[in-house]
$ cat protein-v5.txt   # compact mmCIF, C-alpha atoms
# COMPACT_ATOMS: atom_id res chain seq x y z
CA MET A 1 -41.54 118.90 112.68
CA PHE A 2 -43.50 117.01 110.10
CA GLY A 3 -46.60 115.33 111.55
CA TYR A 4 -44.98 112.27 113.08
CA VAL A 5 -45.63 113.12 116.74
CA ARG A 6 -48.86 111.29 117.57
CA TYR A 7 -50.67 109.77 120.51
CA ASP A 8 -51.61 106.11 120.99
CA ILE A 9 -55.40 106.24 121.11
CA PRO A 10 -56.08 102.76 122.64
CA ASN A 11 -54.06 103.75 125.71
CA LEU A 12 -55.14 107.40 125.94
CA PHE A 13 -57.51 108.42 128.73
CA VAL A 14 -60.68 110.22 127.64
CA LYS A 15 -59.71 113.25 129.76
CA ASP A 16 -56.40 113.51 127.91
CA LEU A 17 -58.02 113.16 124.50
CA MET A 18 -60.36 116.01 125.42
CA LEU A 19 -57.38 118.10 126.58
CA TYR A 20 -55.53 117.37 123.34
CA LYS A 21 -58.55 118.43 121.27
CA ALA A 22 -58.86 121.64 123.29
CA LEU A 23 -55.14 122.38 122.81
CA TYR A 24 -55.37 121.63 119.09
CA CYS A 25 -58.19 124.12 118.62
CA GLY A 26 -56.48 126.61 120.94
CA LEU A 27 -53.30 126.43 118.87
CA CYS A 28 -55.34 127.03 115.73
CA LYS A 29 -56.71 130.23 117.27
CA GLY A 30 -53.23 131.13 118.51
CA ILE A 31 -51.89 130.90 114.96
CA GLY A 32 -54.65 133.25 113.81
CA LYS A 33 -53.73 135.80 116.48
CA SER A 34 -49.99 135.74 115.90
CA CYS A 35 -49.73 135.09 112.15
CA GLY A 36 -53.14 135.67 110.56
CA GLN A 37 -55.98 133.46 109.41
CA ALA A 38 -54.32 132.02 106.29
CA ALA A 39 -51.51 130.48 108.35
CA ARG A 40 -54.03 128.34 110.25
CA VAL A 41 -54.04 125.84 107.38
CA GLY A 42 -50.58 124.71 108.55
CA LEU A 43 -51.78 123.56 111.98
CA THR A 44 -49.91 120.40 113.04
CA TYR A 45 -50.23 117.70 115.68
CA ASP A 46 -46.54 118.15 116.46
CA ILE A 47 -46.83 121.71 117.77
CA THR A 48 -50.03 120.73 119.61
CA PHE A 49 -47.91 118.21 121.48
CA LEU A 50 -45.30 120.87 122.20
CA SER A 51 -48.10 123.03 123.60
CA ALA A 52 -49.10 120.27 126.01
CA LEU A 53 -45.47 119.59 126.93
CA LEU A 54 -44.39 123.21 127.46
CA HIS A 55 -47.49 124.25 129.38
CA ASN A 56 -46.84 121.35 131.73
CA MET A 57 -43.09 121.83 132.07
CA THR A 58 -43.35 125.60 132.67
CA GLY A 59 -46.37 125.40 134.96
CA THR A 60 -48.46 127.58 132.64
CA ASP A 61 -52.11 126.91 133.44
CA ILE A 62 -54.44 125.94 130.58
CA ARG A 63 -57.86 127.59 130.67
CA VAL A 64 -60.53 125.81 128.62
CA GLU A 65 -63.72 127.55 127.54
CA ARG A 66 -66.58 126.63 125.24
CA GLN A 67 -66.09 128.67 122.08
CA ASN A 68 -66.96 128.78 118.39
CA CYS A 69 -64.50 128.85 115.51
CA PHE A 70 -64.77 128.99 111.72
CA GLU A 71 -64.90 125.17 111.49
CA HIS A 72 -67.32 124.79 114.39
CA ALA A 73 -69.40 127.91 113.87
CA VAL A 74 -72.74 126.52 115.06
CA ARG A 75 -71.92 124.35 118.04
CA LYS A 76 -69.47 125.51 120.66
CA ARG A 77 -66.76 123.13 121.82
CA PRO A 78 -64.10 123.15 124.57
CA ILE A 79 -61.13 125.19 123.36
CA ALA A 80 -57.95 126.13 125.24
CA VAL A 81 -57.73 129.91 125.52
CA ALA A 82 -54.83 131.18 123.40
CA ASP A 83 -52.34 132.53 125.96
CA PRO A 84 -48.97 134.14 125.08
CA LEU A 85 -47.23 130.75 125.01
CA THR A 86 -49.83 129.36 122.61
CA GLU A 87 -49.55 132.38 120.33
CA GLU A 88 -45.78 132.08 120.12
CA LEU A 89 -46.07 128.35 119.44
CA GLY A 90 -48.48 129.31 116.67
CA ALA A 91 -45.75 131.49 115.22
CA LEU A 92 -43.31 128.58 115.46
CA ASN A 93 -45.82 126.39 113.60
CA THR A 94 -46.01 128.98 110.82
CA VAL A 95 -42.25 129.52 110.56
CA LEU A 96 -41.54 125.78 110.39
CA ALA A 97 -44.24 125.31 107.74
CA TYR A 98 -42.76 128.15 105.68
CA TYR A 99 -39.24 126.72 105.83
CA LYS A 100 -40.45 123.17 105.12
CA LEU A 101 -42.13 124.39 101.92
CA THR A 102 -39.05 126.46 101.05
CA ASP A 103 -36.96 123.30 101.40
CA ASP A 104 -39.40 121.39 99.20
CA VAL A 105 -39.09 124.06 96.50
CA ALA A 106 -35.28 123.96 96.72
CA ASP A 107 -35.40 120.18 96.24
CA GLY A 108 -37.31 120.68 93.01
CA GLY A 109 -40.67 119.70 94.44
CA LYS A 110 -43.99 121.45 94.55
CA GLY A 111 -44.68 124.03 97.20
CA ARG A 112 -44.47 127.50 95.72
CA GLY A 113 -48.23 127.94 95.73
CA LYS A 114 -48.66 126.54 99.24
CA ARG A 115 -45.87 128.73 100.54
CA LEU A 116 -47.89 131.82 99.62
CA TRP A 117 -50.35 130.91 102.37
CA PHE A 118 -47.59 131.41 104.94
CA ARG A 119 -45.65 134.38 103.54
CA LYS A 120 -47.56 137.06 105.44
CA GLY A 121 -47.69 134.90 108.55
CA PHE A 122 -43.94 134.40 108.37
CA SER A 123 -43.41 138.17 108.09
CA ARG A 124 -45.66 138.76 111.10
CA ALA A 125 -43.82 136.13 113.12
CA LYS A 126 -40.45 137.65 112.20
CA LYS A 127 -41.62 141.07 113.37
CA LYS A 128 -43.27 139.94 116.60
CA TYR A 129 -40.89 137.11 117.61
CA PRO A 130 -37.48 137.95 116.12
CA ALA A 131 -35.54 135.79 118.59
CA LEU A 132 -37.70 132.76 117.81
CA VAL A 133 -37.35 133.20 114.06
CA GLN A 134 -33.59 133.73 114.40
CA ILE A 135 -33.25 130.35 116.13
CA VAL A 136 -35.10 128.57 113.34
CA GLN A 137 -33.19 130.45 110.62
CA THR A 138 -29.81 129.68 112.18
CA TYR A 139 -30.39 125.96 112.49
CA MET A 140 -32.21 125.56 109.19
CA LYS A 141 -29.18 127.15 107.53
CA ALA A 142 -26.91 124.75 109.41
CA GLN A 143 -29.15 121.86 108.33
CA GLY A 144 -28.81 122.89 104.71
CA GLU A 145 -25.02 123.13 104.99
CA THR A 146 -24.84 119.70 106.63
CA GLU A 147 -26.94 118.12 103.90
CA ARG A 148 -24.84 119.72 101.17
CA LYS A 149 -21.86 117.90 102.66
CA ARG A 150 -23.77 114.69 101.86
CA SER A 151 -22.67 112.93 105.00
CA ALA A 152 -23.60 109.27 105.29
CA SER A 153 -23.71 109.61 109.09
CA ALA A 154 -27.28 109.71 110.40
CA ASP A 155 -26.07 111.31 113.64
CA GLU A 156 -24.27 114.12 111.82
CA ALA A 157 -27.19 114.69 109.47
CA ALA A 158 -29.69 115.01 112.34
CA GLU A 159 -27.51 117.23 114.55
CA PRO A 160 -28.81 120.67 113.39
CA SER A 161 -32.45 119.66 113.84
CA ALA A 162 -31.71 118.18 117.25
CA ALA A 163 -29.74 121.27 118.30
CA MET A 164 -32.57 123.54 117.11
CA MET A 165 -35.04 121.77 119.39
CA ARG A 166 -32.62 122.11 122.30
CA ALA A 167 -32.32 125.84 121.58
CA LEU A 168 -36.12 126.13 121.43
CA CYS A 169 -36.30 124.46 124.83
CA ASP A 170 -34.11 127.21 126.28
CA HIS A 171 -36.09 129.87 124.42
CA PHE A 172 -39.50 128.81 125.71
CA MET A 173 -38.57 127.54 129.17
CA LYS A 174 -35.97 130.22 129.98
CA GLU A 175 -34.79 129.83 133.59
CA LYS A 176 -36.93 126.71 134.05
CA ALA A 177 -34.94 124.79 131.42
CA THR A 178 -32.94 121.88 132.85
CA ASP A 179 -30.38 119.50 131.38
CA ALA A 180 -33.04 116.77 131.28
CA ALA A 181 -35.48 119.05 129.44
CA ARG A 182 -32.81 120.07 126.93
CA GLN A 183 -31.91 116.42 126.33
CA LEU A 184 -35.55 115.49 125.78
CA PHE A 185 -36.02 118.25 123.22
CA TYR A 186 -32.72 117.31 121.56
CA ASP A 187 -33.79 113.68 121.24
CA LEU A 188 -37.21 114.67 119.90
CA GLY A 189 -35.57 116.82 117.21
CA LYS A 190 -33.19 114.05 116.26
CA TRP A 191 -36.00 111.49 116.13
CA VAL A 192 -38.18 113.65 113.87
CA TYR A 193 -35.35 114.18 111.40
CA LEU A 194 -34.38 110.51 111.28
CA VAL A 195 -37.89 109.06 111.06
CA ASP A 196 -38.68 111.56 108.28
CA ALA A 197 -35.51 110.52 106.42
CA LEU A 198 -36.41 106.85 106.70
CA ASP A 199 -39.99 107.54 105.62
CA ASP A 200 -38.71 109.44 102.55
CA PHE A 201 -36.18 106.76 101.56
CA ASP A 202 -37.98 105.61 98.41
CA ALA A 203 -38.92 109.12 97.24
CA ASP A 204 -35.37 110.39 97.79
CA ALA A 205 -33.90 107.39 95.98
CA LYS A 206 -36.17 108.02 93.01
CA LYS A 207 -35.43 111.74 92.79
CA GLY A 208 -31.74 111.57 93.73
CA ARG A 209 -32.15 113.70 96.85
CA TYR A 210 -29.91 113.62 99.90
CA ASN A 211 -30.76 111.06 102.56
CA PRO A 212 -28.25 109.79 105.15
CA PHE A 213 -29.79 106.31 105.12
CA LEU A 214 -29.60 106.13 101.33
CA LEU A 215 -25.95 107.15 101.01
CA GLY A 216 -23.53 104.28 101.19
CA SER A 217 -26.25 101.67 101.65
CA GLY A 218 -26.26 100.47 98.05
CA CYS A 219 -30.00 99.90 98.41
CA LYS A 220 -32.64 101.08 95.98
CA SER A 221 -35.65 100.80 98.28
CA ARG A 222 -36.54 101.15 101.95
CA ALA A 223 -37.62 97.50 102.05
CA GLU A 224 -34.21 96.39 100.80
CA PHE A 225 -32.48 98.77 103.21
CA MET A 226 -34.47 97.51 106.21
CA GLU A 227 -33.75 93.89 105.28
CA LYS A 228 -30.06 94.69 105.12
CA SER A 229 -29.71 97.17 108.01
CA GLY A 230 -32.87 96.73 110.07
CA GLU A 231 -31.06 95.79 113.27
CA GLU A 232 -28.82 98.86 113.12
CA VAL A 233 -31.81 101.13 112.47
CA SER A 234 -33.73 99.57 115.37
CA PHE A 235 -30.74 100.10 117.66
CA LEU A 236 -30.49 103.75 116.58
CA PHE A 237 -34.12 104.46 117.44
CA ASP A 238 -34.11 102.31 120.60
CA THR A 239 -31.19 104.38 121.87
CA LEU A 240 -33.27 107.54 121.39
CA PHE A 241 -36.29 106.00 123.13
CA PHE A 242 -34.14 105.00 126.10
CA SER A 243 -32.72 108.51 126.37
CA MET A 244 -36.22 110.03 126.22
CA ARG A 245 -37.42 107.76 129.02
CA GLU A 246 -34.39 108.66 131.12
CA SER A 247 -35.03 112.39 130.61
CA LEU A 248 -38.74 112.08 131.44
CA GLY A 249 -37.84 110.54 134.79
CA LYS A 250 -35.78 113.61 135.71
CA ILE A 251 -38.23 116.32 134.63
CA THR A 252 -40.62 118.04 137.01
CA PHE A 253 -44.13 118.30 135.58
CA PHE A 254 -46.52 120.76 137.19
CA PHE A 255 -49.71 119.03 136.03
CA ASN A 256 -50.89 115.57 135.00
CA ARG A 257 -48.36 113.96 132.65
CA ASP A 258 -50.52 111.17 131.20
CA LEU A 259 -50.93 112.86 127.81
CA THR A 260 -47.27 113.64 127.21
CA ASP A 261 -46.18 110.22 128.50
CA ASN A 262 -48.62 108.57 126.11
CA VAL A 263 -47.13 110.43 123.14
CA ILE A 264 -43.47 109.97 124.05
CA LEU A 265 -43.54 106.46 125.48
CA ARG A 266 -46.13 104.90 123.19
CA GLY A 267 -47.08 107.11 120.24
CA ILE A 268 -43.55 107.86 119.04
CA PRO A 269 -42.34 104.20 119.13
CA LEU A 270 -45.51 103.08 117.31
CA GLU A 271 -45.02 105.72 114.61
CA THR A 272 -41.40 104.59 114.24
CA MET A 273 -42.53 100.99 113.82
CA ARG A 274 -44.99 102.07 111.13
CA VAL A 275 -42.23 103.83 109.17
CA MET A 276 -39.81 100.92 109.58
CA LYS A 277 -42.44 98.55 108.19
CA GLY A 278 -43.16 100.88 105.30
CA GLU A 279 -46.84 101.19 106.18
CA ARG A 280 -48.83 104.19 104.99
CA ARG A 281 -49.70 106.88 107.49
CA THR A 282 -53.34 106.82 108.57
CA ARG A 283 -55.42 109.72 109.80
CA MET A 284 -55.38 110.29 113.53
CA GLN A 285 -58.10 108.24 115.16
CA ALA A 286 -60.69 110.01 117.30
CA LYS A 287 -60.90 112.86 114.81
CA ILE A 288 -60.03 116.29 116.12
$ encode --input "protein-v5.txt" --output "structure tokens"
Amino acid sequence: MFGYVRYDIPNLFVKDLMLYKALYCGLCKGIGKSCGQAARVGLTYDITFLSALLHNMTGTDIRVERQNCFEHAVRKRPIAVADPLTEELGALNTVLAYYKLTDDVADGGKGRGKRLWFRKGFSRAKKKYPALVQIVQTYMKAQGETERKRSASADEAAEPSAAMMRALCDHFMKEKATDAARQLFYDLGKWVYLVDALDDFDADAKKGRYNPFLLGSGCKSRAEFMEKSGEEVSFLFDTLFFSMRESLGKITFFFNRDLTDNVILRGIPLETMRVMKGERRTRMQAKI
């Protein structure tokens, strides 16, 4: 996941913003416990959202306490206590960051120096959570093989990432995983891959990198591509949004679902619209 999963602040209740902040800080501490302090620099909004989603779907209670951390050393703030689920999600955050930087290096981009920050954390995650790391390794390898085929099919290109999220659903939820939960995770994985590909259209065109939207389009820029194929792209994403809404209606949530609904039903479509328009990403409002 790459930082696209965001909430819609104008329609987010204050209580849910406070919960999100507590989960964000709790995940940061969870990364430190499972993968070491250096790996905390890779903290993402995406895995924070997964923390909120999985705690709710598995019925794992969130305990919030006023604590200090290295960034807030003087004044304590509400932080979600890092439970076993949070610590393993912290390991997932580290593993995904490590592989994302590895992929950047393979594509000829910068990232070797940054990857050093996660090397020890990756090793710790591999030792402590071998099954988790094996899932990511398996599907990242499949993703690489799919991209080397240079398929022009967006569905085929996104399949390994979507399947990885479905496998992670089974891994974290275990016997509580349902078909609706698996479908939601599958759609989230597919959406992240496709919105990232669309966002990277211009950079990939410039550097000659693989991108399913670029291949066969004959377009040299995202603006040109959207003018030519905007309706088809909108239909592709609208289909995913519909499927996510359908899955949400079939999932049992143990706690209040306002936060996760805000992200899935409002935040994700808004982020998609931003990418389709070619607008620059802004910092999250209501700073964490």
$ atom_distance --input "protein-v5.txt" --atom1 "CA of Leu54 in chain A" --atom2 "CA of Phe13 in chain A"
19.8 Å
$ residues_near_point --input "protein-v5.txt" --point "(-53.3, 112.7, 126.3)" --cutoff "6 Å" --atoms "all atoms listed in the file" --output "NGL selection string"
:A and (12 or 16-17 or 20 or 258-259)
$ write_last_selection --input "protein-v5.txt" --atoms "C-alpha atoms" --output "PDB file, keeping the file's coordinate frame"
ATOM      1  CA  LEU A  12     -55.140 107.400 125.940  1.00  0.00           C
ATOM      2  CA  ASP A  16     -56.400 113.510 127.910  1.00  0.00           C
ATOM      3  CA  LEU A  17     -58.020 113.160 124.500  1.00  0.00           C
ATOM      4  CA  TYR A  20     -55.530 117.370 123.340  1.00  0.00           C
ATOM      5  CA  ASP A 258     -50.520 111.170 131.200  1.00  0.00           C
ATOM      6  CA  LEU A 259     -50.930 112.860 127.810  1.00  0.00           C
TER       7      LEU A 259
END
$ residues_around --input "protein-v5.txt" --residues "Pro10 in chain A" --least-positions-apart "2" --cutoff "12 Å" --atoms "only C-alpha atoms" --output "CSV table (one decimal) with C-alpha atoms, in the frame of the given file"
chain,number,residue,atom,x,y,z
A,7,TYR,CA,-50.7,109.8,120.5
A,8,ASP,CA,-51.6,106.1,121.0
A,12,LEU,CA,-55.1,107.4,125.9
A,13,PHE,CA,-57.5,108.4,128.7
A,14,VAL,CA,-60.7,110.2,127.6
A,16,ASP,CA,-56.4,113.5,127.9
A,17,LEU,CA,-58.0,113.2,124.5
A,262,ASN,CA,-48.6,108.6,126.1
A,263,VAL,CA,-47.1,110.4,123.1
A,266,ARG,CA,-46.1,104.9,123.2
A,267,GLY,CA,-47.1,107.1,120.2
A,270,LEU,CA,-45.5,103.1,117.3
A,284,MET,CA,-55.4,110.3,113.5
A,285,GLN,CA,-58.1,108.2,115.2
A,286,ALA,CA,-60.7,110.0,117.3
$ residues_around --input "protein-v5.txt" --residues "range 150-156 of chain A" --least-positions-apart "5" --cutoff "9 Å" --atoms "only C-alpha atoms" --output "list in words"
Lys190, Leu194, Tyr210, Asn211, Pro212, Phe213, Leu214, Leu215, Gly216 and Ser217 of chain A
$ atom_distance --input "protein-v5.txt" --atom1 "CA of Glu175 in chain A" --atom2 "CA of Leu53 in chain A"
16.2 Å
$ residues_around --input "protein-v5.txt" --residues "Ile47 in chain A" --least-positions-apart "4" --cutoff "9 Å" --atoms "all atoms listed in the file" --output "PyMOL selection string"
chain A and resi 1+3+5+24+27+43+51-52+89-90+92-93
$ residues_around --input "protein-v5.txt" --residues "Asp202 in chain A" --least-positions-apart "2" --cutoff "7 Å" --atoms "all atoms listed in the file" --output "VMD selection string"
chain A and resid 200 204 to 206 221 to 222
$ closest_residue --input "protein-v5.txt" --among "A:Gly208, A:Trp191, A:Thr252, A:Thr60" --to "Asp238 in chain A" --atoms "all atoms listed in the file"
A:Trp191
$ atom_distance --input "protein-v5.txt" --atom1 "CA of Asp187 in chain A" --atom2 "CA of Met164 in chain A"
10.8 Å
$ closest_residue --input "protein-v5.txt" --among "A:Ala38, A:Val192, A:Ala106, A:Val136" --to "Glu271 in chain A" --atoms "all atoms listed in the file"
A:Val192
$ closest_residue --input "protein-v5.txt" --among "A:Tyr139, A:Trp117, A:Phe237, A:Tyr98" --to "Leu188 in chain A" --atoms "only C-alpha atoms"
A:Phe237
$ residues_around --input "protein-v5.txt" --residues "Ala82 in chain A" --least-positions-apart "4" --cutoff "7 Å" --atoms "only C-alpha atoms" --output "PyMOL selection string"
chain A and resi 26-27+29-30+86-87
$ axis_aligned_box --input "protein-v5.txt" --around "range 251-258 of chain A" --padding-each-side "3 Å" --output "JSON"
{"center_x": -44.6, "center_y": 116.0, "center_z": 134.2, "size_x": 18.7, "size_y": 15.6, "size_z": 12.0}
$ closest_residue --input "protein-v5.txt" --among "A:Met18, A:Leu168, A:Cys25, A:Met273" --to "Gln134 in chain A" --atoms "all atoms listed in the file"
A:Leu168
$ closest_residue --input "protein-v5.txt" --among "A:Ala180, A:Cys169, A:Leu101, A:Met226" --to "Lys250 in chain A" --atoms "all atoms listed in the file"
A:Ala180
